[in-house]
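Worksheet: one structure, shown below.
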Amino acid sequence: MLLRYVFFRVLMLIPVSISISVVIFAIVHLLPGDPVDNLLRVGSSPADRAALVAKYGLDQPLVVQYVRWVLAMFQGDFGEAIVLRRPVADLIRDNLPYSLRLGAAAFAFSSIVGIALGTVSATTRNAVVEQFVRGFILLGSTVPGFWLALLLILAFAVQLQWFPVSGAKGWDALVLPVLTIGFGGVALVARVTRVALMDARREDFVTLLHAKGLPANTILFRHLMPHAMLPVVTILALRIGWILGGAVTVEFVFGRPGLGSLLIRALGQRDYPVVQGCLLMLALAVMLGTLIGDVAQAAMDPRVREAKT
C-alpha cells in the first residue's frame with residue numbers, strides 16, 4: 001500500500017513539474033531587459049544586435065524556445081549562459097554544494113532547537129519559561145530574514161568581530177547565515193511541536209498512562225512524542241525547499257557563493273538560461289521536500305495513504 005502511494009505521488013510530480021517549467025519560462029522572458037544588452041559594446045550597430053539575438057535563438061517564438069529548452073533538459077543539457085558563456089549545468093554544479101551545506105546546517109539547527117523549545121513550552125509549568133518561548137516564537141515568525149542578517153553582521157561581525165562578514169571559508173562563515181535562515185524555522189517548528197504536544201496530552205490514552213503510574217519522562221518521550229511528530233515531520237520536510245529558497249537573499253547579503261548569489265547575479269544580467277536553471281532547481285527542492293513530507297506522513301499514519309490512494 002505504501003509503495004502504491006509513493007508511486008502515485010511521484011507520478012503527480014510530472015504535471016506539476018511541467019506547469020512549473022512553463023511558469024518559470026514565462027516569467028523570465030516577461031522580465032524587462034535583454035541579455036544581449038550586456039554583450040554589446042558601445043557603438044554596436046543594430047545589425048550586431050540582430051546577429052547576437054539570432055545566435056542565441058532569442059528571435060524564435062517563445063513556444064519554440066520553451067520546447068527547445070525542455071527537450072534539452074531531458075538530455076541533461078540546461079543550456080549555456082549567455083553572459084558568462086559557460087554551461088549552466090557547470091555553474092549549478094559549482095554553486096550547489098555551498099547552498100546544500102548552508103541548507104543542511106540551517107535545517108539541523110531549526111529542527112533540533114525548534115523541537116526542543118516546543119517541547120519545553122508544552123511541558124513546563126514555569127510561566128516565565130513558557131512566556132519566553134512564546135515570545136521567541138512570535139519574534140521568529142515576524143522578523144524579516146534580510147533585516148536579521150544585517151543586524152547579525154553589525155553586531156557579531158563588525159562590532160564584536162567574532163565571525164567574518166562575508167565569504168564561505170571555514171565553519172565560522174556558516175554561523176551567521178545559519179542563524180539568519182534557521183531563526184524563522186525554529187519559531188515555526190517550535191510552534192507546531194508545542195501545539196501537537198498539547199493536543200496529544202488531551203488524548204484519553206495519556207490519562208490512562210498516568211493512572212498506571214508511568215514516569216512523566218517515559219510518557220513524554222515514548223508515547224507523546226511519536227504521537228505528536230506527525231505534523232512536525234511534515235513541516236520539517238517542507239522546510240527543505242523553504243530553506244534553499246530562503247538562502248537566495250541570505251547568500252547575497254553575506255556574500256556567499258551558492259545558487260542564490262548565482263541567481264541574483266544572473267537576474268541583473270538577464271541571463272535567461274542561468275535564471276531558468278536556478279529557479280528550476282529551487283522549485284525541484286520544494287517539490288522534493290513536499291514529496292518527502294507526504295511519504296513520511298503516510299508511513300507514520302496508515303490513514304493518510306488510505307485516504308489518498
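Order determines the names: the first chain of the C-alpha cells is A, the second B, and so forth; residues in each chain are numbered 1 upward, and ligands are numbered 1 upward as they are shown.
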* Looking only at the backbone, which of the residues in region 155-306 of chain A does DSSP tag as alpha helix (DSSP H), as a PyMOL selection string? -> chain A and resi 172-201+204-211+216-218+225-253+259-269+272-300+302-306
### Task
Tell me, as a PyMOL selection string, which residues lie within 8 Å of Leu288 (chain A), counting only C-alpha atoms; anything in the same chain fewer than 3 positions away does not count.
chain A and resi 240-241+284-285+291-292
Written file, previous selection with C-alpha atoms, as a PDB file, in the first residue's frame:
ATOM      1  CA  ILE A 240      13.852  21.515   2.839  1.00  0.00           C
ATOM      2  CA  GLY A 241      12.566  23.578  -0.036  1.00  0.00           C
ATOM      3  CA  LEU A 284      12.541  20.913  -7.536  1.00  0.00           C
ATOM      4  CA  ALA A 285      13.815  21.294  -3.973  1.00  0.00           C
ATOM      5  CA  LEU A 291       7.165  14.533  -1.501  1.00  0.00           C
ATOM      6  CA  ILE A 292       9.333  13.519   1.451  1.00  0.00           C
TER       7      ILE A 292
END
Between A:Ala54, A:Met287, A:Gln297, A:Tyr272, which has the minimum distance to Leu13 (chain A) (counting only C-alpha atoms)?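 Looking only at the distances to Leu13 (chain A), the closest residue turns out to be A:Met287.
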Kindly provide the residues of region 64-91 of chain A that approach region 247-271 of chain A to within 8 Å, each paired with its closest atom pair and their distance in Å to one decimal, based on only C-alpha atoms, listed by chain and increasing number, as a Markdown table.
| residue | atom | partner | partner_atom | distance |
| --- | --- | --- | --- | --- |
| A:Ala81 | CA | A:Asp271 | CA | 6.4 |
| A:Ile82 | CA | A:Asp271 | CA | 5.9 |
| A:Val83 | CA | A:Asp271 | CA | 6.2 |
Q | Between CA of Gly277 (chain A) and CA of Pro87 (chain A) - distance in Å to one decimal | A |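 Answer for the CA of Pro87 (chain A) to CA of Gly277 (chain A) separation: 10.5 Å.
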Fill in: region 203-209 of chain A environment, 10 Å, only C-alpha atoms, sequence neighbours closer than 3 positions dropped, as a list in words
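Within the cut-off, the hits are Met198, Asp199, Ala200, Lys212, Gly213, Leu214, Pro215, Ala216, Thr218, Ile219, Leu220, His223 and Leu224 of chain A.
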- Item | Nearby residues (only C-alpha atoms) at most 8 Å from Val28 (chain A), same-chain spacing under 4 positions excluded, as an NGL selection string | :A and (24 or 272 or 275-276)
Only N, CA, C and O atoms, please: the residues just picked out, written as a PDB file, in the first residue's frame.
ATOM      1  N   ILE A  24       8.016  29.312 -14.936  1.00  0.00           N
ATOM      2  CA  ILE A  24       9.375  29.864 -14.845  1.00  0.00           C
ATOM      3  C   ILE A  24       9.798  30.488 -16.174  1.00  0.00           C
ATOM      4  O   ILE A  24      10.306  31.613 -16.223  1.00  0.00           O
ATOM      5  N   TYR A 272      18.992  34.510 -19.288  1.00  0.00           N
ATOM      6  CA  TYR A 272      17.831  33.628 -19.227  1.00  0.00           C
ATOM      7  C   TYR A 272      18.155  32.182 -18.853  1.00  0.00           C
ATOM      8  O   TYR A 272      17.515  31.612 -17.963  1.00  0.00           O
ATOM      9  N   VAL A 275      19.047  31.894 -15.074  1.00  0.00           N
ATOM     10  CA  VAL A 275      17.892  32.164 -14.211  1.00  0.00           C
ATOM     11  C   VAL A 275      16.921  30.990 -14.240  1.00  0.00           C
ATOM     12  O   VAL A 275      16.423  30.541 -13.200  1.00  0.00           O
ATOM     13  N   GLN A 276      16.649  30.477 -15.446  1.00  0.00           N
ATOM     14  CA  GLN A 276      15.729  29.346 -15.579  1.00  0.00           C
ATOM     15  C   GLN A 276      16.269  28.116 -14.859  1.00  0.00           C
ATOM     16  O   GLN A 276      15.516  27.412 -14.164  1.00  0.00           O
TER      17      GLN A 276
END
Separating CA of Ala298 (chain A) from CA of Leu11 (chain A), to the nearest tenth of an Å, is a gap of 16.1 Å
* Asked: Interatomic distance between CA of Trp162 (chain A) and CA of Phe132 (chain A)?
  ->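 So the answer is 26.3 Å.
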